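In what follows, a structure is listed as structure tokens, so that the remarks can point back to it.
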Amino acid sequence: MNIIEISRLTYVYAAAKENTPALNGINLNIGEGEFVAIVGANGSGKSTLARHLNALLLPTEGTCKVMGLDTARPENLWDIRRQVGLVFQNPDNQLVAAIVEDEVAFGPENLGLPPAEIRLRVDKALQAVGLTEQLHFAPHLLSGGQKQRLAIAGALAMEPKCLVLDEATAMLDPQGREEVMQVARDLREQGLTLICITHFMEEAALADRVVVMHQGKIVAQGTPKEILAATDLAKWGLEPPLATEIADRLRRRGLNLPRGICREDELVATLCP
Amino acid sequence: MPIEVKNITFTYMPGTPYEHQALRGVSFTVEEGAIVAIAGHTGSGKSTLIQHFNGLIQPTTGQVTVDGVDLLGRDKKSKAAAKEAARKVGMVFQYPERQLFAETVYEDIAFGPLAHGLTAKEAALRVREAMSQVGLDYESYRRRSPLELSGGEGRRVAIAGILALRPKYLVLDEPTAGLDPRGRKELLGKIKELSLKQGMAVVLVTHYMEDIVALAKRVVFLRRGEIILDDAPRRAFLQREALKEAGLKPPRTVALINRLSEAGLKIPRGVLTVEEAAEAIYQSLSPRQGERQQRVK
């Protein structure tokens with residue numbers, strides 16, 4: 001079953017003077033349990049698309065359906081927001097509470113759940129992101145990676161079907177980036193649908209499917225091997241992952257390497273069998 | 001004459017329950033024309049340190065001088081000198097494009113020079129100069145609204161606004177965060193040009209070790225307000241203990257070479273760039289080529 005069904009979606013920001021569409025005729029289906037990476041240059045429409053997935057933005061034309069529910073119908077709003085959790089780039093802009101566990105409880109409390117159920121969800125969500133020990137910390141004292149994991153926990157406590165990470169690692173140090181991506185991988189293992197918007201091709205290489213956006217359109221999609229390792233990414237302002245670039249260079253020097261290397265573990269396994 | 005930071009400490013909110021010592025005895029020099037990178041875990045004191053470079057914050061103890069002038073002016077005369085010296089240091093904060101405010105790119109970049117008392121004519125020259133330094137075409141961008149620019153373009157406008165003040169030292173806090181791969185590469189190229197062509201000194205605070213590889217001749221690792229390493233990137237990124245202590249990871253190239261080496265490939269350490277990494281891997285494999293080709297087939 002498809003969690004997300006987007007059909008001929010066009011979106012025009014009202015403020016834009018010339019009214020060039022930020023999204024232009026997008027068709028995209030995302031299946032349950034799928035891990036999709038969306039890549040593209042700044043201004044290609046990635047974040048605008050993400051904001052349609054839980055009805056923060058509504059299509060100017062076309063439709064966006066979440067679990068079969070049309071985002072344009074106001075009566076669907078709360079069901080949709082419960083199903084799709086969004087985590088943004090800046091960890092300091094999306095935390096509201098003064099204590100870690102209150103932060104995670106914020107969503108479930110607003111659902112009007114009984115206290116015992118809230119407790120259960122908070123503990124489960126904090127465990128999923130590895131913040132159980134920081135239960136009573138003040139969020140502003142956490143590291144960047146911890147803050148983003150906390151934001152993810154807040155989304156998880158709503159028990160969503162789908163989690164959207166909109167450049168959630170862009171402001172983090174290398175350790176924080178790794179922490180967040182590890183959590184993302186774990187959640188994916190547990191069957192959560194994951195949509196990851198990123199400028200890091202190494203992160204995109206972990207996905208089942210990579211979608212490339214350029215000037216408001218989807219210009220390519222396929223497996224990481226097909227997209228990251230076998231397409232000229234430069235024309236969209238992107239670069240191949242390091243493993244692909246090294247493999248290309250070695251091939252040009254005459255080494256006989258198989259095509260489609262886009263992750264470092266693949267390169268290591270190929271070079272050191 | 002350099003920026004000299006002499007044994008400074010800095011304590012946030014002293015005498016309160018939130019008291020926090022962000023810097024613990026840091027000494028550090030930015031030589032003229034140098035490109036120095038500062039790396040460290042979130043909360044290691046990087047941003048606190050650079051805000052001392054132009055006197056935005058004053059050290060709790062210790063001294064900061066720019067070209068020999070103490071930034072802490074004690075009387076009226078030395079205060080004026082300190083202000084003058086601090087102006088030599090241009091500061092570009094994180095996500096500077098969010099601070100753009102004027103109606104056009106031109107007005108935004110001209111704001112600094114005009115506020116510093118330059119005439120409209122002088123300011124106009126500075127705007128042209130700064131836009132060319134960051135690679136923005138004057139005619140096609142000057143009338144545009146900063147609000148309709150892409151992330152990379154906006155960031156260049158913001159940096160041009162600082163360059164229009166003709167700083168001798170340029171301090172950049174996470175200049176490439178959030179930029180797409182091309183935008184990142186282009187911006188790093190422009191910063192390198194500023195240093196090479198104009199002799200501007202650059203201090204770069206970054207979480208991206210790849211940026212350090214691309215630009216810096218020297219890198220400093222900060223850990224809990226102390227400098228634990230100050231060396232050339234080529235040597236620094238081989239210091240596994242120091243990296244670990246600072247909460248950092250080596251650049252991807254170095255990490256890949258480490259992995260290959262652990263997997264049994266005899267490969268020299270000390271490579272930094274993608275070119276060097278590919279060459280080192282090639283060299284280490286070539287004696288085994290015949291054997292490898294067989295196996296792959």
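Just so we're on the same page: first chain in the structure tokens is A, next is B, and so on; residues restart at 1 for each chain, and ligands are numbered from 1 in the order they show up.
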Using only C-alpha atoms, determine which residues lie at most 9 Å from segment 165-173 of chain B, disregarding the query and same-chain residues fewer than 2 positions distant; provide the list as a PyMOL selection string. chain B and resi 3+30+32-33+46-47+50+53+87-95+112-113+116+126+130+159-163+175-176+199-206
Please, which residues in chain A fall within 7 Å of chain B when counting only C-alpha atoms, and what is the closest atom pair and distance in Å to one decimal for each, ordered by chain then residue number, as a Markdown table?
| residue | atom | partner | partner_atom | distance |
| --- | --- | --- | --- | --- |
| A:Ala41 | CA | B:Asp180 | CA | 5.2 |
| A:Asn42 | CA | B:Asp180 | CA | 5.8 |
| A:Gly43 | CA | B:Ser150 | CA | 5.6 |
| A:Ser143 | CA | B:Thr42 | CA | 6.0 |
| A:Gly144 | CA | B:Thr42 | CA | 6.5 |
| A:Ala170 | CA | B:Gly178 | CA | 5.5 |
| A:Met171 | CA | B:Ala177 | CA | 6.3 |
| A:Asp173 | CA | B:His207 | CA | 4.8 |
| A:Pro174 | CA | B:Lys249 | CA | 6.1 |
| A:Gln175 | CA | B:Leu248 | CA | 6.5 |
| A:His199 | CA | B:Asp180 | CA | 5.5 |
| A:Gly237 | CA | B:Arg182 | CA | 5.1 |
| A:Leu238 | CA | B:Pro181 | CA | 5.3 |
| A:Glu239 | CA | B:Pro181 | CA | 6.1 |
| A:Ile246 | CA | B:Ala278 | CA | 5.5 |
| A:Arg249 | CA | B:Ala278 | CA | 6.4 |
| A:Leu250 | CA | B:Tyr282 | CA | 6.4 |
| A:Asn256 | CA | B:Gln293 | CA | 6.4 |
| A:Val268 | CA | B:Leu260 | CA | 5.9 |
| A:Cys272 | CA | B:Ala263 | CA | 6.3 |
As an exercise, work out the distance from atom CA of Ile8 of chain B to atom CA of Glu31 of chain B in Å and give it to one decimal place. 17.9 Å
Picked from segment 81-218 of chain B by DSSP as strand (DSSP E), as a VMD selection string: chain B and resid 89 to 92 169 to 173 201 to 205 218
In terms of the shortest atom-to-atom distance over only C-alpha atoms, which of B:Asn7, B:Phe111, B:Leu49, B:Glu19 is closest to Gln63 of chain B?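 Between B:Asn7, B:Phe111, B:Leu49, B:Glu19, the residue approaching Gln63 of chain B most closely is B:Asn7.
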Please identify the alpha helix (DSSP H) residues within segment 103-228 of chain A (assignment by DSSP from backbone atoms) and present them as a short mmCIF file (atom, residue, chain, number, x, y, z; two decimals) with C-alpha atoms, in the first residue's frame.
data_model
loop_
_atom_site.label_atom_id
_atom_site.label_comp_id
_atom_site.auth_asym_id
_atom_site.auth_seq_id
_atom_site.Cartn_x
_atom_site.Cartn_y
_atom_site.Cartn_z
CA GLU A 103 9.12 17.65 24.92
CA VAL A 104 8.28 14.11 23.84
CA ALA A 105 5.00 14.09 25.79
CA PHE A 106 3.81 17.29 24.10
CA GLY A 107 2.26 15.55 21.10
CA PRO A 108 0.59 12.63 22.91
CA GLU A 109 -0.80 15.04 25.53
CA ASN A 110 -2.46 17.00 22.77
CA PRO A 115 -1.33 9.42 31.32
CA ALA A 116 -0.22 5.78 31.44
CA GLU A 117 -0.26 5.60 27.64
CA ILE A 118 1.67 8.87 27.38
CA ARG A 119 4.32 7.52 29.78
CA LEU A 120 4.62 4.40 27.66
CA ARG A 121 5.01 6.32 24.42
CA VAL A 122 7.54 8.76 25.86
CA ASP A 123 9.72 5.96 27.21
CA LYS A 124 9.49 4.02 23.97
CA ALA A 125 10.31 7.04 21.81
CA LEU A 126 13.28 8.09 23.96
CA GLN A 127 14.58 4.55 23.90
CA ALA A 128 14.30 4.44 20.11
CA GLY A 144 23.07 19.20 18.30
CA GLY A 145 22.79 15.50 17.52
CA GLN A 146 20.92 14.88 20.76
CA LYS A 147 18.52 17.75 20.01
CA GLN A 148 17.71 16.33 16.59
CA ARG A 149 17.21 12.88 18.10
CA LEU A 150 14.89 14.49 20.62
CA ALA A 151 12.93 16.12 17.81
CA ILE A 152 12.67 12.70 16.17
CA ALA A 153 11.46 11.21 19.48
CA GLY A 154 8.79 13.91 19.66
CA ALA A 155 7.59 12.85 16.22
CA LEU A 156 7.77 9.14 17.08
CA PRO A 174 30.12 14.72 12.23
CA GLN A 175 29.28 12.75 15.36
CA GLY A 176 25.77 14.23 15.51
CA ARG A 177 25.22 13.40 11.85
CA GLU A 178 26.20 9.82 12.45
CA GLU A 179 23.93 9.56 15.51
CA VAL A 180 20.90 10.82 13.60
CA MET A 181 21.54 8.58 10.59
CA GLN A 182 21.96 5.57 12.87
CA VAL A 183 18.59 6.31 14.45
CA ALA A 184 17.09 6.70 10.98
CA ARG A 185 18.46 3.30 9.93
CA ASP A 186 17.15 1.64 13.11
CA LEU A 187 13.66 3.09 12.59
CA ARG A 188 13.67 1.95 9.03
CA GLU A 189 14.57 -1.59 10.17
CA MET A 201 25.06 11.75 -1.16
CA GLU A 202 26.50 9.31 1.38
CA GLU A 203 23.19 9.52 3.26
CA ALA A 204 21.20 9.12 0.04
CA PRO A 224 21.17 4.49 -5.36
CA LYS A 225 23.20 2.40 -7.80
CA GLU A 226 21.21 3.67 -10.76
CA ILE A 227 21.13 7.29 -9.68
CA LEU A 228 24.23 8.01 -7.62
#
For a quick check of understanding, using only C-alpha atoms, which of A:Ala22, A:Leu267, A:Val39, A:Leu56 has the smallest distance to Ile197 of chain A?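 The answer is A:Val39, which sits nearest to Ile197 of chain A.
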Env of Val213 of chain B: 8 Å cut, atoms = only C-alpha atoms, seq-sep filter 5 positions within chain, self excluded. Answer as a list of chain:residue names.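 Within the cut-off, the hits are B:Pro233, B:Pro251, B:Leu272, B:Thr273.
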Show which residues sit within 10 Å of Val134 of chain B, as a PyMOL selection string. Count only C-alpha atoms, and ignore same-chain residues fewer than 4 positions away. chain B and resi 129-130+153+155-160+163+186-187+189-191+193-194
If you keep C-alpha atoms, can you produce a file of those selected residues as a PDB file, in the first residue's frame?
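Saved as again_7.pdb:
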ATOM      1  CA  GLU B 129      34.282  45.041  -5.756  1.00  0.00           C
ATOM      2  CA  ALA B 130      32.658  42.799  -3.141  1.00  0.00           C
ATOM      3  CA  GLU B 153      23.320  33.139  -3.673  1.00  0.00           C
ATOM      4  CA  ARG B 155      24.997  33.509   1.435  1.00  0.00           C
ATOM      5  CA  ARG B 156      27.307  35.134  -1.104  1.00  0.00           C
ATOM      6  CA  VAL B 157      25.423  38.418  -0.817  1.00  0.00           C
ATOM      7  CA  ALA B 158      25.811  38.272   2.957  1.00  0.00           C
ATOM      8  CA  ILE B 159      29.531  37.600   2.656  1.00  0.00           C
ATOM      9  CA  ALA B 160      29.852  40.424   0.108  1.00  0.00           C
ATOM     10  CA  LEU B 163      33.832  42.103   2.244  1.00  0.00           C
ATOM     11  CA  GLU B 186      31.987  27.359  -5.502  1.00  0.00           C
ATOM     12  CA  LEU B 187      31.952  29.195  -2.183  1.00  0.00           C
ATOM     13  CA  GLY B 189      36.772  28.335  -4.253  1.00  0.00           C
ATOM     14  CA  LYS B 190      35.904  31.998  -3.749  1.00  0.00           C
ATOM     15  CA  ILE B 191      37.202  32.014  -0.189  1.00  0.00           C
ATOM     16  CA  GLU B 193      40.770  33.134  -4.031  1.00  0.00           C
ATOM     17  CA  LEU B 194      40.319  35.905  -1.455  1.00  0.00           C
TER      18      LEU B 194
END
I'd like the interatomic distance between atom CA of Phe10 of chain B and atom CA of Gly225 of chain B, to a tenth of an Å.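 Computed distance, atom CA of Phe10 of chain B to atom CA of Gly225 of chain B, equals 8.7 Å.
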Residues near Thr71 of chain A, anyone? I mean within 9 Å using only C-alpha atoms, not counting same-chain ones fewer than 2 positions away, as an MDAnalysis selection string. chainID A and resid 52:55 57:59 63:66 69 73:77 80
B:Val271, B:Val69, B:Ile38, B:Ala246 ranked by distance to Met1 of chain B, top pick (using only C-alpha atoms):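 Selected residue with least distance to Met1 of chain B: B:Val69.
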May I have the residues within 7 Å of segment 217-220 of chain B as number ranges by chain, using only C-alpha atoms and disregarding those fewer than 6 positions away in the same chain? B: 35-39, 227, 229-233
